[in-house]
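Structure file coords_14.cif (mmCIF, C-alpha atoms) follows.
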data_structure
loop_
_atom_site.group_PDB
_atom_site.id
_atom_site.type_symbol
_atom_site.label_atom_id
_atom_site.label_comp_id
_atom_site.auth_asym_id
_atom_site.auth_seq_id
_atom_site.Cartn_x
_atom_site.Cartn_y
_atom_site.Cartn_z
ATOM 1 C CA MET A 1 35.728 50.707 107.132
ATOM 2 C CA SER A 2 32.822 52.678 108.568
ATOM 3 C CA ARG A 3 31.741 49.906 110.884
ATOM 4 C CA PHE A 4 30.725 52.728 113.177
ATOM 5 C CA HIS A 5 28.164 55.447 112.573
ATOM 6 C CA GLU A 6 27.847 58.632 114.565
ATOM 7 C CA TYR A 7 24.387 59.265 115.965
ATOM 8 C CA GLN A 8 22.894 62.265 117.719
ATOM 9 C CA VAL A 9 20.595 60.852 120.408
ATOM 10 C CA ILE A 10 18.295 63.180 122.310
ATOM 11 C CA GLY A 11 16.357 61.882 125.285
ATOM 12 C CA ARG A 12 14.700 63.007 128.476
ATOM 13 C CA HIS A 13 12.961 61.792 131.571
ATOM 14 C CA SER A 14 9.278 60.993 130.978
ATOM 15 C CA PRO A 15 7.032 63.925 131.943
ATOM 16 C CA THR A 16 5.506 63.800 135.460
ATOM 17 C CA GLU A 17 3.128 66.074 137.392
ATOM 18 C CA LYS A 18 6.133 67.525 139.233
ATOM 19 C CA GLU A 19 8.086 68.064 136.013
ATOM 20 C CA PRO A 20 5.771 68.355 132.988
ATOM 21 C CA THR A 21 8.552 69.421 130.589
ATOM 22 C CA PRO A 22 11.754 67.686 131.617
ATOM 23 C CA ARG A 23 15.174 68.730 130.379
ATOM 24 C CA LEU A 24 16.398 67.350 127.071
ATOM 25 C CA TYR A 25 19.817 65.739 126.943
ATOM 26 C CA ARG A 26 21.774 65.273 123.739
ATOM 27 C CA MET A 27 24.688 62.933 123.105
ATOM 28 C CA ARG A 28 26.832 62.096 120.109
ATOM 29 C CA ILE A 29 27.319 58.343 120.152
ATOM 30 C CA PHE A 30 29.508 56.175 117.930
ATOM 31 C CA ALA A 31 27.775 52.842 117.429
ATOM 32 C CA PRO A 32 27.308 50.249 114.679
ATOM 33 C CA ASN A 33 23.565 50.894 114.504
ATOM 34 C CA GLU A 34 20.732 52.870 116.066
ATOM 35 C CA VAL A 35 19.791 50.131 118.506
ATOM 36 C CA VAL A 36 23.246 50.114 120.069
ATOM 37 C CA ALA A 37 23.298 53.915 119.951
ATOM 38 C CA LYS A 38 20.144 54.166 122.027
ATOM 39 C CA SER A 39 21.436 51.576 124.451
ATOM 40 C CA ARG A 40 24.718 53.433 124.944
ATOM 41 C CA PHE A 41 22.795 56.679 125.358
ATOM 42 C CA TRP A 42 20.943 55.273 128.350
ATOM 43 C CA TYR A 43 24.174 53.763 129.695
ATOM 44 C CA PHE A 44 25.857 57.174 129.726
ATOM 45 C CA LEU A 45 22.818 59.140 130.802
ATOM 46 C CA LYS A 46 22.238 56.904 133.810
ATOM 47 C CA LYS A 47 25.770 57.706 134.948
ATOM 48 C CA ALA A 48 25.186 61.441 134.707
ATOM 49 C CA HIS A 49 21.547 61.983 135.685
ATOM 50 C CA LYS A 50 18.776 60.366 137.654
ATOM 51 C CA VAL A 51 17.057 58.803 134.652
ATOM 52 C CA LYS A 52 16.904 55.347 133.161
ATOM 53 C CA LYS A 53 15.355 53.741 130.081
ATOM 54 C CA ALA A 54 12.257 52.687 131.989
ATOM 55 C CA SER A 55 11.600 56.187 133.309
ATOM 56 C CA GLY A 56 12.670 58.088 130.211
ATOM 57 C CA GLU A 57 12.079 58.392 126.514
ATOM 58 C CA ILE A 58 14.221 58.879 123.440
ATOM 59 C CA VAL A 59 13.086 61.991 121.594
ATOM 60 C CA SER A 60 15.142 61.562 118.443
ATOM 61 C CA VAL A 61 17.961 59.564 116.906
ATOM 62 C CA ASN A 62 19.669 61.073 113.853
ATOM 63 C CA GLU A 63 22.724 59.904 111.998
ATOM 64 C CA ILE A 64 25.466 62.511 111.662
ATOM 65 C CA PHE A 65 27.269 62.292 108.331
ATOM 66 C CA GLU A 66 30.771 63.465 107.536
ATOM 67 C CA LYS A 67 30.784 66.796 105.693
ATOM 68 C CA LYS A 68 33.919 66.105 103.652
ATOM 69 C CA PRO A 69 34.618 62.372 103.583
ATOM 70 C CA LEU A 70 37.444 62.707 101.024
ATOM 71 C CA THR A 71 39.903 64.931 102.894
ATOM 72 C CA PRO A 72 42.343 63.308 105.340
ATOM 73 C CA ASN A 73 42.405 64.826 108.829
ATOM 74 C CA ASN A 74 44.354 64.341 112.031
ATOM 75 C CA TYR A 75 41.912 63.116 114.670
ATOM 76 C CA GLY A 76 42.762 63.339 118.365
ATOM 77 C CA ILE A 77 40.653 60.988 120.463
ATOM 78 C CA TRP A 78 40.363 61.254 124.231
ATOM 79 C CA ILE A 79 39.390 57.936 125.841
ATOM 80 C CA ARG A 80 38.613 56.589 129.248
ATOM 81 C CA TYR A 81 38.988 52.802 129.404
ATOM 82 C CA ASP A 82 38.960 49.974 131.926
ATOM 83 C CA SER A 83 42.007 47.759 131.997
ATOM 84 C CA ARG A 84 42.216 44.564 134.055
ATOM 85 C CA SER A 85 43.500 46.440 137.065
ATOM 86 C CA GLY A 86 42.042 49.928 136.906
ATOM 87 C CA THR A 87 40.582 52.638 134.716
ATOM 88 C CA HIS A 88 42.754 55.081 132.790
ATOM 89 C CA ASN A 89 42.580 58.101 130.509
ATOM 90 C CA MET A 90 44.286 58.131 127.153
ATOM 91 C CA TYR A 91 44.851 60.416 124.225
ATOM 92 C CA LYS A 92 45.411 58.846 120.814
ATOM 93 C CA GLU A 93 45.868 60.299 117.357
ATOM 94 C CA TYR A 94 44.798 58.890 114.010
ATOM 95 C CA ARG A 95 45.028 60.147 110.486
ATOM 96 C CA GLU A 96 41.771 59.224 108.757
ATOM 97 C CA LEU A 97 39.163 60.533 106.354
ATOM 98 C CA THR A 98 36.101 60.569 108.620
ATOM 99 C CA ARG A 99 35.287 60.685 112.340
ATOM 100 C CA ASN A 100 33.746 57.214 112.068
ATOM 101 C CA ASP A 101 36.939 55.823 110.554
ATOM 102 C CA ALA A 102 39.027 57.419 113.315
ATOM 103 C CA VAL A 103 36.837 55.944 116.055
ATOM 104 C CA PHE A 104 36.878 52.547 114.344
ATOM 105 C CA ALA A 105 40.680 52.710 114.147
ATOM 106 C CA CYS A 106 40.760 53.657 117.838
ATOM 107 C CA TYR A 107 38.640 50.697 118.938
ATOM 108 C CA GLN A 108 40.725 48.325 116.827
ATOM 109 C CA ASP A 109 43.929 49.844 118.198
ATOM 110 C CA MET A 110 42.742 49.587 121.825
ATOM 111 C CA ALA A 111 41.733 45.982 121.267
ATOM 112 C CA ALA A 112 45.115 45.153 119.746
ATOM 113 C CA ARG A 113 47.370 47.031 122.139
ATOM 114 C CA HIS A 114 45.443 46.804 125.409
ATOM 115 C CA ARG A 115 42.930 43.968 124.840
ATOM 116 C CA ALA A 116 40.207 46.506 125.655
ATOM 117 C CA ARG A 117 36.739 45.647 124.344
ATOM 118 C CA PHE A 118 34.030 48.000 123.109
ATOM 119 C CA ARG A 119 32.252 47.759 126.447
ATOM 120 C CA SER A 120 35.304 48.971 128.389
ATOM 121 C CA ILE A 121 35.951 52.098 126.328
ATOM 122 C CA HIS A 122 34.314 55.506 126.637
ATOM 123 C CA ILE A 123 35.031 57.891 123.809
ATOM 124 C CA LEU A 124 35.203 61.249 125.556
ATOM 125 C CA LYS A 125 36.062 63.540 122.673
ATOM 126 C CA VAL A 126 36.970 63.325 118.978
ATOM 127 C CA GLU A 127 38.547 66.481 117.577
ATOM 128 C CA ILE A 128 40.307 67.424 114.383
ATOM 129 C CA ILE A 129 43.804 68.513 115.321
ATOM 130 C CA LYS A 130 45.717 71.111 113.319
ATOM 131 C CA ASP A 131 49.044 69.991 111.854
ATOM 132 C CA GLU A 132 51.045 72.176 114.301
ATOM 133 C CA ASP A 133 49.313 70.734 117.378
ATOM 134 C CA VAL A 134 49.809 67.047 116.582
ATOM 135 C CA ARG A 135 51.589 65.335 119.462
ATOM 136 C CA ARG A 136 52.462 61.866 118.221
ATOM 137 C CA PRO A 137 55.600 61.365 116.090
ATOM 138 C CA TYR A 138 54.035 58.629 113.957
ATOM 139 C CA ILE A 139 51.418 61.134 112.756
ATOM 140 C CA LYS A 140 53.826 64.090 112.628
ATOM 141 C CA GLN A 141 56.012 62.269 110.115
ATOM 142 C CA LEU A 142 53.087 62.136 107.661
ATOM 143 C CA LEU A 143 52.441 65.880 107.796
ATOM 144 C CA ASP A 144 55.334 66.950 105.580
ATOM 145 C CA LYS A 145 54.091 69.022 102.641
ATOM 146 C CA SER A 146 56.448 67.325 100.188
ATOM 147 C CA LEU A 147 56.249 63.879 101.727
ATOM 148 C CA LYS A 148 57.534 61.089 99.561
ATOM 149 C CA PHE A 149 58.700 57.582 100.360
ATOM 150 C CA PRO A 150 59.396 54.390 98.422
ATOM 151 C CA LEU A 151 57.746 51.045 99.017
ATOM 152 C CA PRO A 152 60.801 48.904 99.767
ATOM 153 C CA HIS A 153 59.325 45.397 99.963
ATOM 154 C CA ARG A 154 56.531 44.905 97.460
ATOM 155 C CA VAL A 155 54.444 41.774 97.667
ATOM 156 C CA VAL A 156 52.401 41.788 94.489
ATOM 157 C CA ARG A 157 48.900 40.492 95.039
ATOM 158 C CA PRO A 158 47.091 38.429 92.386
ATOM 159 C CA SER A 159 44.205 40.412 90.950
ATOM 160 C CA SER A 160 41.705 37.682 91.715
ATOM 161 C CA LYS A 161 41.477 34.403 93.592
ATOM 162 C CA LYS A 162 41.733 32.296 90.450
ATOM 163 C CA TYR A 163 45.289 33.536 89.811
ATOM 164 C CA VAL A 164 46.603 32.420 93.200
ATOM 165 C CA GLN A 165 49.181 29.642 92.705
ATOM 166 C CA THR A 166 50.473 27.157 95.263
ATOM 167 C CA PHE A 167 53.701 26.640 93.331
ATOM 168 C CA VAL A 168 55.508 29.158 91.109
ATOM 169 C CA ALA A 169 58.271 28.623 88.587
ATOM 170 C CA ALA A 170 60.396 31.600 89.670
ATOM 171 C CA ARG A 171 61.079 33.280 92.994
ATOM 172 C CA PRO A 172 59.156 36.546 93.307
ATOM 173 C CA ASN A 173 60.845 39.898 92.818
ATOM 174 C CA THR A 174 59.996 42.305 95.665
ATOM 175 C CA PHE A 175 61.792 45.357 94.281
ATOM 176 C CA VAL A 176 58.912 47.597 93.193
ATOM 177 C CA MET B 1 69.150 49.492 95.865
ATOM 178 C CA VAL B 2 68.297 52.941 94.592
ATOM 179 C CA PHE B 3 64.588 53.566 94.784
ATOM 180 C CA LYS B 4 63.162 55.320 91.757
ATOM 181 C CA LYS B 5 59.399 55.135 92.312
ATOM 182 C CA PHE B 6 58.044 57.025 95.290
ATOM 183 C CA VAL B 7 54.662 57.411 96.867
ATOM 184 C CA GLU B 8 54.083 61.162 96.465
ATOM 185 C CA VAL B 9 51.364 63.588 95.470
ATOM 186 C CA GLY B 10 51.088 63.330 91.694
ATOM 187 C CA ARG B 11 52.431 59.783 91.314
ATOM 188 C CA VAL B 12 50.518 57.838 88.673
ATOM 189 C CA VAL B 13 49.459 54.431 89.950
ATOM 190 C CA LEU B 14 47.985 51.313 88.394
ATOM 191 C CA ILE B 15 45.262 49.636 90.421
ATOM 192 C CA THR B 16 45.951 45.886 90.573
ATOM 193 C CA TYR B 17 43.086 44.566 92.725
ATOM 194 C CA GLY B 18 39.411 45.236 93.133
ATOM 195 C CA GLU B 19 36.710 46.344 90.751
ATOM 196 C CA ASP B 20 38.922 49.109 89.294
ATOM 197 C CA ALA B 21 41.763 46.666 88.566
ATOM 198 C CA GLY B 22 43.758 47.594 85.481
ATOM 199 C CA LYS B 23 42.934 51.323 85.630
ATOM 200 C CA LEU B 24 45.310 54.241 86.080
ATOM 201 C CA ALA B 25 44.848 56.858 88.799
ATOM 202 C CA VAL B 26 46.818 59.712 90.338
ATOM 203 C CA VAL B 27 47.798 60.078 94.000
ATOM 204 C CA VAL B 28 46.060 63.192 95.274
ATOM 205 C CA ASP B 29 47.077 62.970 98.941
ATOM 206 C CA ILE B 30 48.744 60.581 101.373
ATOM 207 C CA VAL B 31 46.446 59.454 104.190
ATOM 208 C CA ASP B 32 48.815 57.425 106.338
ATOM 209 C CA HIS B 33 51.512 54.744 106.228
ATOM 210 C CA ASN B 34 49.325 52.278 104.355
ATOM 211 C CA ARG B 35 46.793 54.295 102.400
ATOM 212 C CA VAL B 36 46.651 56.990 99.805
ATOM 213 C CA LEU B 37 43.875 59.113 98.305
ATOM 214 C CA ILE B 38 43.645 58.492 94.554
ATOM 215 C CA ASP B 39 41.539 59.938 91.774
ATOM 216 C CA GLY B 40 41.192 59.035 88.098
ATOM 217 C CA PRO B 41 38.530 61.269 86.562
ATOM 218 C CA THR B 42 39.597 60.446 82.974
ATOM 219 C CA THR B 43 40.004 56.703 83.576
ATOM 220 C CA GLY B 44 36.799 56.090 85.545
ATOM 221 C CA VAL B 45 38.216 55.825 89.061
ATOM 222 C CA THR B 46 36.184 57.669 91.699
ATOM 223 C CA ARG B 47 38.126 59.568 94.329
ATOM 224 C CA GLN B 48 38.815 57.124 97.151
ATOM 225 C CA SER B 49 41.315 56.062 99.763
ATOM 226 C CA ILE B 50 43.053 52.852 98.748
ATOM 227 C CA SER B 51 45.710 50.651 100.316
ATOM 228 C CA PHE B 52 49.195 50.313 98.770
ATOM 229 C CA LYS B 53 48.553 46.593 98.633
ATOM 230 C CA ARG B 54 46.078 47.205 95.830
ATOM 231 C CA LEU B 55 48.360 49.469 93.802
ATOM 232 C CA SER B 56 51.440 49.382 91.625
ATOM 233 C CA LEU B 57 53.463 52.575 91.315
ATOM 234 C CA THR B 58 54.292 53.591 87.741
ATOM 235 C CA PRO B 59 57.347 55.615 86.705
ATOM 236 C CA LEU B 60 55.121 58.570 85.762
ATOM 237 C CA VAL B 61 54.623 61.619 87.997
ATOM 238 C CA VAL B 62 52.407 64.645 87.508
ATOM 239 C CA LYS B 63 53.114 68.001 89.112
ATOM 240 C CA ILE B 64 49.973 68.865 91.076
ATOM 241 C CA PRO B 65 49.168 70.479 94.426
ATOM 242 C CA ALA B 66 47.824 68.219 97.179
ATOM 243 C CA LEU B 67 44.052 67.632 97.247
ATOM 244 C CA ILE B 68 43.581 69.034 93.751
ATOM 245 C CA GLY B 69 39.982 69.022 92.489
ATOM 246 C CA SER B 70 38.789 66.353 90.054
ATOM 247 C CA LYS B 71 38.152 68.793 87.221
ATOM 248 C CA ALA B 72 41.580 70.414 87.496
ATOM 249 C CA LEU B 73 43.173 66.981 87.720
ATOM 250 C CA SER B 74 41.469 65.738 84.542
ATOM 251 C CA ALA B 75 42.740 68.875 82.743
ATOM 252 C CA VAL B 76 46.316 68.191 83.877
ATOM 253 C CA VAL B 77 46.110 64.495 82.976
ATOM 254 C CA ALA B 78 44.735 65.287 79.517
ATOM 255 C CA GLU B 79 47.413 67.948 78.935
ATOM 256 C CA GLU B 80 50.269 65.632 79.921
ATOM 257 C CA ASP B 81 48.647 62.684 78.127
ATOM 258 C CA ILE B 82 49.378 60.340 81.023
ATOM 259 C CA VAL B 83 47.299 57.509 79.598
ATOM 260 C CA GLY B 84 49.153 57.766 76.271
ATOM 261 C CA LYS B 85 52.589 57.980 77.903
ATOM 262 C CA PHE B 86 51.852 54.930 80.031
ATOM 263 C CA GLY B 87 50.624 53.076 76.939
ATOM 264 C CA GLN B 88 54.081 53.529 75.370
ATOM 265 C CA THR B 89 55.917 51.868 78.248
ATOM 266 C CA ALA B 90 57.037 48.253 77.956
ATOM 267 C CA TRP B 91 54.865 47.480 80.977
ATOM 268 C CA ALA B 92 51.680 48.604 79.238
ATOM 269 C CA LYS B 93 52.673 46.741 76.083
ATOM 270 C CA LYS B 94 53.130 43.525 78.075
ATOM 271 C CA ILE B 95 49.677 43.978 79.566
ATOM 272 C CA GLN B 96 48.287 44.443 76.057
ATOM 273 C CA ILE B 97 50.037 41.270 74.815
ATOM 274 C CA ARG B 98 48.559 39.244 77.674
ATOM 275 C CA LYS B 99 45.141 40.660 76.886
ATOM 276 C CA THR B 100 45.413 39.888 73.169
ATOM 277 C CA ARG B 101 46.495 36.328 73.863
ATOM 278 C CA ALA B 102 43.585 35.788 76.218
ATOM 279 C CA GLU B 103 41.102 37.051 73.618
ATOM 280 C CA LEU B 104 42.311 34.925 70.661
ATOM 281 C CA SER B 105 39.669 32.997 68.796
ATOM 282 C CA ASP B 106 40.236 29.400 67.694
ATOM 283 C CA PHE B 107 41.069 30.551 64.170
ATOM 284 C CA ASN B 108 43.566 33.096 65.567
ATOM 285 C CA ARG B 109 45.206 30.373 67.599
ATOM 286 C CA PHE B 110 45.462 28.290 64.430
ATOM 287 C CA GLN B 111 47.078 31.211 62.593
ATOM 288 C CA LEU B 112 49.495 31.635 65.513
ATOM 289 C CA MET B 113 50.395 27.946 65.353
ATOM 290 C CA VAL B 114 51.077 28.162 61.612
ATOM 291 C CA ALA B 115 53.177 31.323 62.047
ATOM 292 C CA LYS B 116 55.238 29.691 64.820
ATOM 293 C CA LYS B 117 55.739 26.629 62.625
ATOM 294 C CA GLU B 118 56.998 28.776 59.747
ATOM 295 C CA ARG B 119 59.397 30.620 62.031
ATOM 296 C CA ARG B 120 60.655 27.350 63.469
ATOM 297 C CA ALA B 121 61.268 26.033 59.956
ATOM 298 C CA ILE B 122 63.341 29.081 58.942
ATOM 299 C CA VAL B 123 65.392 28.962 62.160
ATOM 300 C CA GLY B 124 65.801 25.211 61.839
ATOM 301 C CA LYS B 125 67.119 25.486 58.255
ATOM 302 C CA GLU B 126 69.771 28.045 59.283
ATOM 303 C CA PHE B 127 70.688 25.995 62.346
ATOM 304 C CA ALA B 128 71.090 22.864 60.197
ATOM 305 C CA LYS B 129 73.475 24.761 57.876
ATOM 306 C CA LEU B 130 75.583 25.948 60.826
ATOM 307 C CA ARG B 131 75.549 22.490 62.345
ATOM 308 C CA THR B 132 76.810 20.731 59.216
ATOM 309 C CA ALA B 133 79.463 23.438 58.778
ATOM 310 C CA TYR B 134 80.684 22.922 62.365
ATOM 311 C CA LEU B 135 80.698 19.135 62.158
ATOM 312 C CA LYS B 136 82.574 19.222 58.852
ATOM 313 C CA SER B 137 85.201 21.712 60.154
ATOM 314 C CA GLY B 138 85.647 19.969 63.526
ATOM 315 C CA LYS B 139 86.400 16.594 62.013
#
Once more with this new file: its structure as structure tokens, please.
Amino acid sequence: MSRFHEYQVIGRHSPTEKEPTPRLYRMRIFAPNEVVAKSRFWYFLKKAHKVKKASGEIVSVNEIFEKKPLTPNNYGIWIRYDSRSGTHNMYKEYRELTRNDAVFACYQDMAARHRARFRSIHILKVEIIKDEDVRRPYIKQLLDKSLKFPLPHRVVRPSSKKYVQTFVAARPNTFV
Amino acid sequence: MVFKKFVEVGRVVLITYGEDAGKLAVVVDIVDHNRVLIDGPTTGVTRQSISFKRLSLTPLVVKIPALIGSKALSAVVAEEDIVGKFGQTAWAKKIQIRKTRAELSDFNRFQLMVAKKERRAIVGKEFAKLRTAYLKSGK
């Protein structure tokens, strides 16, 4: 988990005689490292303003850390992604501990379900959703206060590689 | 099949894989269909999210509110003596037997061999008596 980190990247156009103090632009980017974060910053900024890496400068890159990484939250993620035949908007929900985990789950999910790669996905917004406002049934069913469920088919895993056996004397018991 | 062990807040679990393998912990919250937030302040397990694949559910449950703090949880666990109660189950005793057998010294293994031999001799004597009695009566 936590293959992604959230960075706050602030950049601006380089100062010129016409514009000695250009406007600062700030973005929150999810990327595996700072290098990719800066690259994505320029990618998005070029789309929005008349500035590119050659004519601009990064003012600061700071990692944003999760305030409470041990409380599960419902994350709603708004995405814009390119499929093979067009570009679409999507809204997906994940129940995770941190924003980074939710975004990681989203990228994995998009890759699995839609074969969408990192390069084709824009994360528009990541918000914590209150229990009442959750839209997806597969998340709603986890929000019961007295939730309890059994584990019907248990495959018991050997505690280390050296205990893995090719042949066993008895058939395994999968009831708890 | 009636299910008796449930994933729920307060369920005591045994970690079966990873660096905390063999330790008890308590489910503090359910994250999603595959993961659960556990905490074991008295058994040396830091609060973490862990997959069901790495856990075994025990028959013990503790009554706690969701997302209880570590300090409060250790008080509840100490009061209910979860570690002690689990130690009395047949499951825990089997684990202990396996552990003892793995830690036997050569001399202990010799003593075990002698003890088994003595037991075999006693059983064999009784069996021989029964056998002669049966053969005599049958014929």
> Between A:Leu124, A:Ala31, A:Ala111, A:Leu70, which is the closest to chain B once you count only C-alpha atoms?
Replying inline: A:Leu70
> Distance CA of Leu112 (chain B)-CA of Arg98 (chain B), one decimal place?
Replying inline: 14.4 Å
> Could you pull the residues within 9 Å of region 58-60 of chain B, counting only C-alpha atoms, minus those fewer than 4 positions along the same chain, as a PyMOL selection string?
Replying inline: chain B and resi 4-6+10-14+82+85-86
>> I'd like to see the residues matched by the PyMOL selection byres ((chain A) within 7 of (chain B)) on this file, and ideally I'd get them as a PyMOL selection string.
In response: chain A and resi 70+72+95-96+142+147-150+159
>> Around (41.7, 58.3, 113.2), as given in the file, which residues come within 7 Å? Count only C-alpha atoms and list them as a list of chain:residue names.
In response: A:Asn74, A:Tyr75, A:Glu93, A:Tyr94, A:Arg95, A:Glu96, A:Arg99, A:Asp101, A:Ala102, A:Val103, A:Ala105, A:Cys106
